[in-house]
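Report on the structure given below.
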Amino acid sequence: MEKVKKKIGSFSFWNWVTASIIFRLILIYFPKNLNLSSRPEVSTPLTSFRRLAEGYWLKQSFMSPYAGSMYHGSPLLLSLLGPLTINRIEGQPNHLLYSLVSVIADVVSAMLIRATGQNLRLAYLRSLESLDLVKQIEVSGDIAALIYLCNPFTIVACVGLSTSPIENMAVILCLYGACSRLIPLAAFGWVIATHLSLYSAILIIPVIFLLGCGPDSPPRKLFLQRHQQKEVLNQSKLPPRFSWGPVIHFAFWAFLWSVYVLVLCGISLKQFGGLWEMFKSTYGFILTVEDLSPNIGVLWYFFAEVFEFFRNFFLIVFHVNILFMILPLAIRLRHRPCYLAFVYVAICSMLKSYPSVGDSALYLGLLGWFVNELADMQFSLFLFCGYVGVSLLSPVMHNLWIWRGTGNANFYFATAMVYACLQIVLVVEGVSAMLNHDRKLRNLITGKPQDAKS
Amino acid sequence: MVLLQRPHILLLLIDTHQFLQCWIAFGSANEEGQQQEEFSEELLVKPLPDHKLLAHFHFQSSAPPSTSNGCHHHLFPKAISQLVQKFRVKEMELSFTQGRWNYESWGGFDPISSSNAKPPGVELWAVFDVPQHHIDASWKNLTHTLSGLFCASINFLESTATYSTPEWSFPPASGNVRYGTLPCEAVCTENLTPWLKLLPCRDKAAIALLLDRPSLYRGFYHSQRLHLTSTESSSEGIDSGIILEQTLTVVLQPNSERAIEVHASEKHVQPSWSLSSIFGKQVSGRCVLAKSSSVYLLLDRGLVAELKFPNKENGKSAANGLTSENFWSNPSFELSVNPDRIFLEESSSHSKSLSILYMFQVEKYSESEPFDIGLMWKVPVAWLCQQTPLHASRFFMGSGNERGAIAISLKSTQFTEGFMSANSKDGSCELRVDVFQVVPWYVKVYFHSLRVFVDQQPRAVSDFIEKIHVSPSKDKMSPGVMEVVLKLPCRVNTAALTIEFDKGFLRIDEYPPDANQGFDIPSAIISFPNFHASMVFLEDDSLNRSPLLSKFQEKCPVMSYTEVLLVPLTTPDFSMPYNVITIKCTVFALYFGSLLNVLQRRVAEEERFLKAKAAKKTGRLPLLLSKLSAKLRGRRREPLHSPPSSSSFINSKLVLKVILVAGLAVGWQYFFS
C-alpha cells in the first residue's frame with residue numbers, strides 16, 4: 001500500500017515537472033508579447049539579458065566588457081552564455097538556445113533541491129528515531145522541488161532571460177554538495193555563487209555547519225537530555241560533534257576553485273582591464289548602488305532621494321545590516337544549517353542592492369524543505385495573499401508611473417516597501433516558528449505539558 | 001571716429017616711449033617683411049529660395065607669428081592671444097546658435113552652410129598642443145575662461161560626462177580633440193556683446209554697424225562663431241601666428257514695402273530688400289583699422305541657372321571683362337548700387353551652372369554718403385539651393401519612460417540623383433557617410449542593437465558599416481560616443497540607423513530645476529568626406545585676396561547637423577526625501593528589532609531553568625538577582641500554570657482590537673456627520 005502511494009506520488013511529481021517545463025516552453029514562444037526580459041522585476045542591472053548581450057558585443061569588438069556601465073556580470077558568463085545571445089535559429093524565437101539553457105538550469109536546480117530535501121528528510125528521521133519521536137514526515141524534497149519549479153517567480157525569471165536561474169543553481173549546488181558531503185562540489189557551488197553574486201559569500205557559515213555537524217537535526221542538548229533521562233549514554237546515538245576535518249577539506253577546495261575561477265577570469269580579461277576592473281564593476285557596482293533604475297527592492301529610491309552627503313553612511317548601514325544578523329542567527333540556528341542557509345538567502349534577497357524575483361524564487365523553493373517544521377507558522381495566509389497582491393500590484397504601479405505617467409514614483413516605491421515588509425515578516429515568523437518547533441520537541445522529550453502558543 | 005582712433009594712438013605712444021625695445025623689434029620684424037596684425041571685415045548677402053535672406057558677417061583678425069612684440073597687440077584681441085598661449089590651443093571653434101538651419105531650403109552644399117550651420121546652443125571643440133594627459137585639464141580651464149569671456153555657461157562642459165573625444169570622424173581628426181555641446185543654452189545679446197568686443201572697431205563703424213540687436217534676434221536663425229587657428233606653433237607655444245575668424249550668420253525675412261504691396265497678386269516674387277530695410281541701419285564709413293571691408297552679394301548656382309545670364313558658357317572671358325554690363329543689369333532684378341567687381345565661379349564638378357559674386361567696397365563710402373545696397377526683383381524667380389548628398393534627420397522611437405530607440409534617417413536629395421547619373425558609368429559607386437553621435441550617459445545605449453535599414457529593408461550591419469568606433473558611456477563619468485562610417489550604394493533612396501537605449505534614472509539633485517522639461521541629446525554630425533564644398537572664384541590679383549573668398553576656396557567636407565532631441569526622463573518625487581528616509585529606516589528598524597527579539601526571546605523554560613538553579617543554590621543573593629531580573633523583564637516571577645503567550649500573538653490581537661475600534665470610530669463618524 002505504501003509503495004503504491006509512493007509510486008502515485010512520484011508519478012504525479014514527474015507530471016508536475018513536465019507540466020511546468022511545457023508551460024515554460026509555451027511562454028518562450030511568445031517573447032514579443034510578454035516582453036518579460038525588460039521588466040524591472042526580472043532584469044536588474046546584474047541579471048539583465050540585454051546587458052549580457054551588450055557585454056558580449058563589446059568583448060567581440062575588442063573592448064573591455066566593462067567599458068561602459070552596461071555589463072556588471074562575470075566574464076565567465078560572457079564566455080559561456082555570450083554566444084547564445086546572438087545565435088539565432090531561423091523560424092524560431094530569437095533567444096531560444098539561451099531560454100533552453102535557463103529551463104535546463106531550472107530543472108537541474110529542482111532536481112538538486114529534491115535530492116537535498118530527501119537527504120534532509122532521511123537525516124531528520126534518523127535523529128528523531130534516536131529521540132524516540134518517530135512520526136510520519138511528508139516527502140518534503142518533492143514539495144520543495146515543485147514549489148521551485150511551479151513558482152510563477154521562477155517561471156518569470158526563466159522566461160525573462162535573466163541570469164538568476166544560473167545563480168540560483170550555483171547556490172543550490174553548493175547546498176546539495178554540502179548536504180551529501182560532496183566537498184569539492186560544495187566548494188565549487190559556493191565559489192561560483194559568490195563569483196556571480198557577492199551576497200552568496202555568507203553561505204559559507206551554513207556550509208561549514210553542514211559539513212561539520214551534518215544536516216538539520218534537533219538541538220544537540222535535546223539528545224543529551226534524552227540520554228540523561230534514560231541514564232544510558234550511548235555515544236553512537238548522539239549526533240556527531242563538530243569535526244574540523246571536512247571544513248578544512250572544504251576550505252582547501254574552495255581556495256582551489258576560487259584560484260581556478262580567478263585565473264579563468266584573468267585569462268578572459270587579459271587584454272582589457274584585468275581582474276581589478278572586474279572587481280570594481282561587479283562587486284563595486286553591487287556595493288555602491290550606482291544604478292538607480294527601479295527594481296523590487298527599496299535601495300534604488302532611497303539612494304535616488306537621499307542627500308549626497310549621507311550617501312556613504314547609508315551605504316555602510318544597509319550593507320552592514322546584512323552582516324549584523326549573521327552571528328545571532330548562526331548561534332541560534334547552528335543545529336539547523338540548511339534552515340540557516342534559507343534564512344540567509346531570504347535576508348540577502350530582501351536587503352540586496354538589485355533584487356529580482358529570481359532571488360525570491362530561490363528562498364521560496366528552499367522554504368519547501370521545512371514544510372513540516374514550519375507547519376504552525378503564523379501569518380502564512382497573510383503572507384501568501386501579500387505575495388500575490390504585491391506581484392499583481394507592482395507591475396500596475398510601474399505601468400502607471402513609467403508608461404502612462406499618471407502615477408508617480410511613490411506608487412511603485414510603496415509596493416516595493418510592502419514587498420520588503422512581507423519578506424521581513426516571513427523571515428521573522430519563520431525563525432520564530434523554527435525556534436518554537438525546537439521548544440515543542442524539547443517539551444515532548446522532557447514530558448512537560450506542551451505550550452499551546454509558544 | 002576720433003574717439004575710436006584714440007586707443008590706436010595711445011598704443012603707438014606706449015610703443016614708442018615706454019617699450020622701446022619692443023618697438024624696435026616690431027619695426028625690425030616689419031623690415032623683414034613679416035606679416036603685420038591685420039583685420040578685415042566682410043559681409044556676404046545671399047538671397048535664399050524661401051523669400052529669406054542670408055547675411056554672413058566675416059571678421060578676421062590675425063596676429064603674426066613672432067615673439068618680437070611679446071604680449072602686446074596692435075589690433076588683435078589680447079584676451080584671445082592670452083588664451084591661446086596659456087592653454088596651447090591649436091585650433092578651436094566656439095559657436096552660439098539659436099534656431100535651426102533649414103538644410104532643405106537653405107542648402108547644405110556650399111561653404112557657408114557646411115561650416116556655419118551649427119547645432120542649436122553652444123558647440124565647442126578644441127585641439128590642444130599639450131601632452132595627452134594634460135588635455136583634460138587644459139580643456140577644463142579653457143571652458144572656464146570662455147565661459148567668463150562670453151557670459152555663457154560653457155563651464156558646464158568641464159565635467160567629463162559632458163564632453164567627448166572623437167577619434168576620427170570629427171573633421172580635425174586628431175587624438176587631441178575635445179568636443180562638447182550644450183544644446184539647451186539660450187543665446188542672446190549678452191553673448192554677442194563680448195563677441196563684438198573682440199573686434200577692433202566693435203560695432204561702432206563700417207559693417208559691424210549693421211549688427212542691430214533687435215533685427216538680428218528677430219531672424220529665423222543666427223549663429224555667431226569664433227574660429228581660432230594658431231599656426232606653426234612651436235614647442236614653446238609663444239610665437240604662434242593666430243588667426244581669429246569671427247562669423248555671424250543670420251537668416252532674416254526682408255519685408256520691404258513693395259513686397260507688401262504686391263504680395264496678394266504675386267506671391268512668387270522674391271521680396272526686395274536693402275541693407276537699411278533689413279538691419280535698420282546703413283554702412284557709413286569704414287573702420288580705419290580694417291585692411292579691407294567689403295560687402296558681397298552672392299547669387300548661388302541654382303539662382304544663376306534660373307536667371308539665365310548671357311555669356312554663361314564663356315564665363316572666363318566675361319569675368320575678365322568686368323565692365324560687362326550683363327551681369328548686373330539683368331531683366332529680372334536690379335541692384336541699387338553698381339558693384340565694384342564681379343567674380344564668376346570657376347567650373348565646379350558637381351553643378352552645371354556657376355555662382356556669381358558681386359563685390360562692393362565700403363571704403364569708398366563715407367558718413368555723408370552711406371552705403372546701402374538694395375536688390376529689387378522684377379520677375380518671380382524660384383530655385384533650389386544645392387543640398388547635401390543625403391538629407392539627415394533624427395528622431396526617437398518608442399513611448400514611455402523606460403526605453404526607446406534613436407533613429408537617424410538619411411534620405412536622398414535631388415543632388416544624389418544628379419550625382420548618381422554622373423557616376424553611373426562605373427558600376428561600383430559608393431557614398432561614404434560619417435556619423436558622429438554623442439549621447440549623454442543617462443541615455444544608456446545598447447550598441448549591440450545597432451540596425452541598418454537600407455531602402456526600408458533591414459540589412460546586415462557588416463554590409464554597410466565599414467568602420468565603427470564606440471566608446472560606451474560610463475555612469476556620471478563619460479558620454480557614449482558612436483562614430484560610424486557608412487558605405488551606401490549611390491542608388492540608395494533611404495537609409496536608417498537605429499539604436500536602442502534605456503533611460504537612466506538620476507538622483508534628485510542631478511535633475512535641473514525644470515526636470516519635467518526633459519533632457520537634450522546633442523545633434524549628430526553627418527559628414528560626407530568624399531564631397532567638398534568649395535567655391536573657387538576667379539580672381540586676378542592673388543595678393544589682395546579676401547579672407548572670406550579664400551575661406552570659400554578651402555576644401556571642407558560637407559557636413560550637416562541633425563536635430564537636437566528632447567528626451568523626457570522619469571522623475572522621482574522631489575518632495576519626498578525625508579519621507580523616504582524615515583519610512584525606509586523604520587522598516588529596517590522593524591526588521592532588525594523584531595528578528596533580534598525573536599532570536600533572544602526566552603520563553604518559560606529558560607526562566608524555569610533559572611529558578612531551578614536559584615533553588616538549588618538557595619543563596620539569597622542569586623534569588624534576589626533572579627527576582628530583580630524577572631522584574632526588569634517585566635514578567636511575573638512564577639509563570640507556573642499560564643506562561644505568557646508569545647508577544648507576537650498579543651500584538652496581533654491588539655492590532656485587531658485597535659483596528660476594530662478604529663473601524664467603529666470611523667463608522668460612527670461617518671454615520672453621524
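Scheme for the C-alpha cells: letters A, B, ... for chains in order shown; per-chain residue numbers from 1; ligand numbers from 1 in order shown.
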
**Message:** Can you pull out the residues contacting Ser164 in chain B? Cut-off 7 Å, using only C-alpha atoms, and skip same-chain residues under 5 positions away; I want them as a PyMOL selection string.
**Reply:** chain B and resi 178-180+479

**Message:** With DSSP run on the backbone, what are the alpha helix (DSSP H) residues within range 446-481 of chain B? I'd like them as a list in words.
**Reply:** Val461, Ser462, Asp463 and Phe464 of chain B

**Message:** Restricting the calculation to only C-alpha atoms: of B:Ser277, B:Asn338, B:Ser399, B:Ser462, which residue gets closest to chain A?
**Reply:**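 Among the listed residues, the smallest separation from chain A belongs to B:Ser399.
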
Give me the residues of chain A that have any atom at most 7 Å from an atom of chain B; for each, the nearest atom pair and the distance in Å, rounded to one decimal. Use only C-alpha atoms, sort by chain and number, and format it as JSON lines.
```
{"residue": "A:Glu54", "atom": "CA", "partner": "B:His448", "partner_atom": "CA", "distance": 5.5}
{"residue": "A:Trp57", "atom": "CA", "partner": "B:His448", "partner_atom": "CA", "distance": 5.7}
{"residue": "A:Ala67", "atom": "CA", "partner": "B:Pro472", "partner_atom": "CA", "distance": 6.3}
{"residue": "A:Gly68", "atom": "CA", "partner": "B:Pro472", "partner_atom": "CA", "distance": 4.5}
{"residue": "A:Ser69", "atom": "CA", "partner": "B:Lys474", "partner_atom": "CA", "distance": 4.8}
{"residue": "A:Leu292", "atom": "CA", "partner": "B:Phe505", "partner_atom": "CA", "distance": 5.5}
{"residue": "A:Ser293", "atom": "CA", "partner": "B:Phe505", "partner_atom": "CA", "distance": 5.4}
{"residue": "A:Phe302", "atom": "CA", "partner": "B:Val580", "partner_atom": "CA", "distance": 6.2}
{"residue": "A:Ala304", "atom": "CA", "partner": "B:Arg507", "partner_atom": "CA", "distance": 4.2}
{"residue": "A:Glu305", "atom": "CA", "partner": "B:Pro577", "partner_atom": "CA", "distance": 4.9}
{"residue": "A:Val306", "atom": "CA", "partner": "B:Pro577", "partner_atom": "CA", "distance": 5.9}
{"residue": "A:Arg332", "atom": "CA", "partner": "B:Leu599", "partner_atom": "CA", "distance": 6.7}
{"residue": "A:Ile402", "atom": "CA", "partner": "B:Asn401", "partner_atom": "CA", "distance": 5.2}
{"residue": "A:Trp403", "atom": "CA", "partner": "B:Gly400", "partner_atom": "CA", "distance": 4.2}
{"residue": "A:Arg404", "atom": "CA", "partner": "B:Gly400", "partner_atom": "CA", "distance": 6.8}
{"residue": "A:Asn408", "atom": "CA", "partner": "B:Asp573", "partner_atom": "CA", "distance": 6.9}
{"residue": "A:Ala409", "atom": "CA", "partner": "B:Pro572", "partner_atom": "CA", "distance": 5.4}
{"residue": "A:Asn410", "atom": "CA", "partner": "B:Asp573", "partner_atom": "CA", "distance": 6.9}
{"residue": "A:Cys421", "atom": "CA", "partner": "B:Val587", "partner_atom": "CA", "distance": 7.0}
{"residue": "A:Ile424", "atom": "CA", "partner": "B:Tyr591", "partner_atom": "CA", "distance": 5.7}
{"residue": "A:Val428", "atom": "CA", "partner": "B:Leu595", "partner_atom": "CA", "distance": 5.2}
{"residue": "A:Ser432", "atom": "CA", "partner": "B:Val598", "partner_atom": "CA", "distance": 5.7}
{"residue": "A:Lys453", "atom": "CA", "partner": "B:Ser645", "partner_atom": "CA", "distance": 6.0}
{"residue": "A:Ser454", "atom": "CA", "partner": "B:Ser646", "partner_atom": "CA", "distance": 6.0}
```

**Item:** Non-local contacts of Ala186 in chain A (12 Å; only C-alpha atoms; under 2 positions in same chain excluded) as number ranges by chain
**Value:** A: 169-184, 188-193, 203-204, 206-208, 210-211, 246-247, 249-254, 257

**Request:** Might you pull out every residue within 10 Å of Phe453 in chain B, with only C-alpha atoms counted and same-chain residues fewer than 4 positions away left off, and present them as a PyMOL selection string?
**Result:** chain B and resi 409+457-461+464+494-498

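Residues in contact with Leu78 in chain A at 10 Å, where only C-alpha atoms are counted and same-chain residues fewer than 5 positions away are skipped, are listed as A:Leu52, A:Ala53, A:Glu54, A:Gly55, A:Tyr56, A:Trp57, A:Lys59, A:Pro65, A:Tyr71, A:Gly73, A:Pro83, A:Leu84, A:Thr85, A:Ser268.
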
N, CA and C atoms of the current selection, written as an mmCIF file, in the first residue's frame:
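The resulting file, part_17.cif, is reproduced below:
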```cif
data_model
loop_
_atom_site.group_PDB
_atom_site.id
_atom_site.type_symbol
_atom_site.label_atom_id
_atom_site.label_comp_id
_atom_site.auth_asym_id
_atom_site.auth_seq_id
_atom_site.Cartn_x
_atom_site.Cartn_y
_atom_site.Cartn_z
ATOM 1 N N LEU A 52 23.873 41.596 -20.818
ATOM 2 C CA LEU A 52 24.790 40.495 -21.128
ATOM 3 C C LEU A 52 25.156 40.534 -22.611
ATOM 4 N N ALA A 53 24.131 40.740 -23.446
ATOM 5 C CA ALA A 53 24.378 40.796 -24.885
ATOM 6 C C ALA A 53 25.290 41.961 -25.226
ATOM 7 N N GLU A 54 25.068 43.102 -24.541
ATOM 8 C CA GLU A 54 25.913 44.273 -24.789
ATOM 9 C C GLU A 54 27.361 43.995 -24.391
ATOM 10 N N GLY A 55 27.532 43.342 -23.231
ATOM 11 C CA GLY A 55 28.881 42.983 -22.793
ATOM 12 C C GLY A 55 29.551 42.067 -23.790
ATOM 13 N N TYR A 56 28.787 41.134 -24.301
ATOM 14 C CA TYR A 56 29.357 40.204 -25.275
ATOM 15 C C TYR A 56 29.734 40.939 -26.556
ATOM 16 N N TRP A 57 28.871 41.861 -26.959
ATOM 17 C CA TRP A 57 29.163 42.635 -28.176
ATOM 18 C C TRP A 57 30.440 43.439 -28.004
ATOM 19 N N LYS A 59 32.853 42.794 -26.034
ATOM 20 C CA LYS A 59 34.004 41.906 -25.989
ATOM 21 C C LYS A 59 34.362 41.439 -27.402
ATOM 22 N N PRO A 65 34.481 44.301 -21.700
ATOM 23 C CA PRO A 65 33.027 44.240 -21.492
ATOM 24 C C PRO A 65 32.565 45.213 -20.419
ATOM 25 N N TYR A 71 27.534 46.291 -18.474
ATOM 26 C CA TYR A 71 27.605 44.911 -18.016
ATOM 27 C C TYR A 71 28.274 44.857 -16.650
ATOM 28 N N GLY A 73 28.235 41.659 -14.884
ATOM 29 C CA GLY A 73 28.267 40.254 -14.504
ATOM 30 C C GLY A 73 29.665 39.687 -14.618
ATOM 31 N N PRO A 83 27.806 33.692 -26.503
ATOM 32 C CA PRO A 83 27.489 33.269 -27.870
ATOM 33 C C PRO A 83 26.028 32.968 -28.071
ATOM 34 N N LEU A 84 25.332 32.578 -26.982
ATOM 35 C CA LEU A 84 23.910 32.261 -27.147
ATOM 36 C C LEU A 84 23.072 33.508 -27.371
ATOM 37 N N THR A 85 23.631 34.687 -27.039
ATOM 38 C CA THR A 85 22.825 35.889 -27.203
ATOM 39 C C THR A 85 22.699 36.287 -28.660
ATOM 40 N N SER A 268 40.362 35.595 -19.514
ATOM 41 C CA SER A 268 39.383 36.174 -20.444
ATOM 42 C C SER A 268 39.434 37.691 -20.435
#
```

**Message:** I'd like the interatomic distance between CA of Cys201 in chain B and CA of Leu289 in chain B, to a tenth of an Å.
**Reply:** 7.3 Å

I'd like the neighbourhood of range 80-93 of chain B as a PDB file with N, CA and C atoms, in the first residue's frame, where a residue qualifies if any of its atoms comes within 7 Å (using only C-alpha atoms), though same-chain residues fewer than 6 positions away should be ignored.
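Below you can see selection.pdb, which holds the result:
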```pdb
ATOM      1  N   LEU B 124      31.405  73.626 -28.837  1.00  0.00           N
ATOM      2  CA  LEU B 124      32.797  73.992 -28.656  1.00  0.00           C
ATOM      3  C   LEU B 124      33.658  72.783 -28.957  1.00  0.00           C
ATOM      4  N   TRP B 125      34.619  72.974 -29.806  1.00  0.00           N
ATOM      5  CA  TRP B 125      35.647  71.943 -29.914  1.00  0.00           C
ATOM      6  C   TRP B 125      37.006  72.601 -29.953  1.00  0.00           C
ATOM      7  N   ALA B 126      37.983  71.904 -29.494  1.00  0.00           N
ATOM      8  CA  ALA B 126      39.314  72.488 -29.425  1.00  0.00           C
ATOM      9  C   ALA B 126      40.345  71.398 -29.622  1.00  0.00           C
ATOM     10  N   VAL B 127      41.416  71.775 -30.279  1.00  0.00           N
ATOM     11  CA  VAL B 127      42.565  70.884 -30.440  1.00  0.00           C
ATOM     12  C   VAL B 127      43.700  71.498 -29.641  1.00  0.00           C
ATOM     13  N   PHE B 128      44.303  70.687 -28.815  1.00  0.00           N
ATOM     14  CA  PHE B 128      45.346  71.215 -27.945  1.00  0.00           C
ATOM     15  C   PHE B 128      46.708  70.707 -28.388  1.00  0.00           C
ATOM     16  N   ASP B 129      47.681  71.495 -28.045  1.00  0.00           N
ATOM     17  CA  ASP B 129      49.051  71.123 -28.370  1.00  0.00           C
ATOM     18  C   ASP B 129      49.787  70.795 -27.071  1.00  0.00           C
ATOM     19  N   VAL B 130      49.178  69.970 -26.267  1.00  0.00           N
ATOM     20  CA  VAL B 130      49.801  69.602 -24.990  1.00  0.00           C
ATOM     21  C   VAL B 130      49.850  68.085 -24.918  1.00  0.00           C
ATOM     22  N   SER B 138      43.557  71.179 -19.539  1.00  0.00           N
ATOM     23  CA  SER B 138      43.519  72.369 -20.397  1.00  0.00           C
ATOM     24  C   SER B 138      42.096  72.666 -20.835  1.00  0.00           C
ATOM     25  N   LEU B 142      40.021  75.958 -20.236  1.00  0.00           N
ATOM     26  CA  LEU B 142      39.535  76.685 -21.409  1.00  0.00           C
ATOM     27  C   LEU B 142      38.040  76.956 -21.293  1.00  0.00           C
ATOM     28  N   LEU B 226      33.210  81.588 -33.525  1.00  0.00           N
ATOM     29  CA  LEU B 226      34.551  82.100 -33.305  1.00  0.00           C
ATOM     30  C   LEU B 226      35.490  80.958 -33.610  1.00  0.00           C
ATOM     31  N   HIS B 227      36.267  81.134 -34.620  1.00  0.00           N
ATOM     32  CA  HIS B 227      37.179  80.070 -35.022  1.00  0.00           C
ATOM     33  C   HIS B 227      38.601  80.572 -34.863  1.00  0.00           C
ATOM     34  N   LEU B 228      39.401  79.746 -34.267  1.00  0.00           N
ATOM     35  CA  LEU B 228      40.737  80.168 -33.894  1.00  0.00           C
ATOM     36  C   LEU B 228      41.713  79.145 -34.423  1.00  0.00           C
ATOM     37  N   THR B 229      42.717  79.620 -35.163  1.00  0.00           N
ATOM     38  CA  THR B 229      43.778  78.693 -35.555  1.00  0.00           C
ATOM     39  C   THR B 229      45.089  79.346 -35.197  1.00  0.00           C
ATOM     40  N   SER B 230      45.902  78.610 -34.498  1.00  0.00           N
ATOM     41  CA  SER B 230      47.232  79.144 -34.243  1.00  0.00           C
ATOM     42  C   SER B 230      48.179  78.288 -35.052  1.00  0.00           C
ATOM     43  N   GLY B 237      55.213  77.458 -27.752  1.00  0.00           N
ATOM     44  CA  GLY B 237      53.821  77.864 -27.886  1.00  0.00           C
ATOM     45  C   GLY B 237      53.624  79.358 -27.826  1.00  0.00           C
ATOM     46  N   ILE B 238      54.707  80.124 -27.761  1.00  0.00           N
ATOM     47  CA  ILE B 238      54.548  81.572 -27.601  1.00  0.00           C
ATOM     48  C   ILE B 238      54.482  82.241 -28.966  1.00  0.00           C
TER      49      ILE B 238
END
```

**Minimum-distance residue to Pro49 in chain B, chosen among B:Pro131, B:Pro380, B:Pro389, B:Pro489 (using only C-alpha atoms)** =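 Nearest to Pro49 in chain B: B:Pro380.
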
**Non-local contacts of Val357 in chain A (12 Å; only C-alpha atoms; under 5 positions in same chain excluded) as a PyMOL selection string** = chain A and resi 36+39-44+47+151-158+160+162-165+168+295-297+346+349-350+362-364+387+390-391+394+416+419
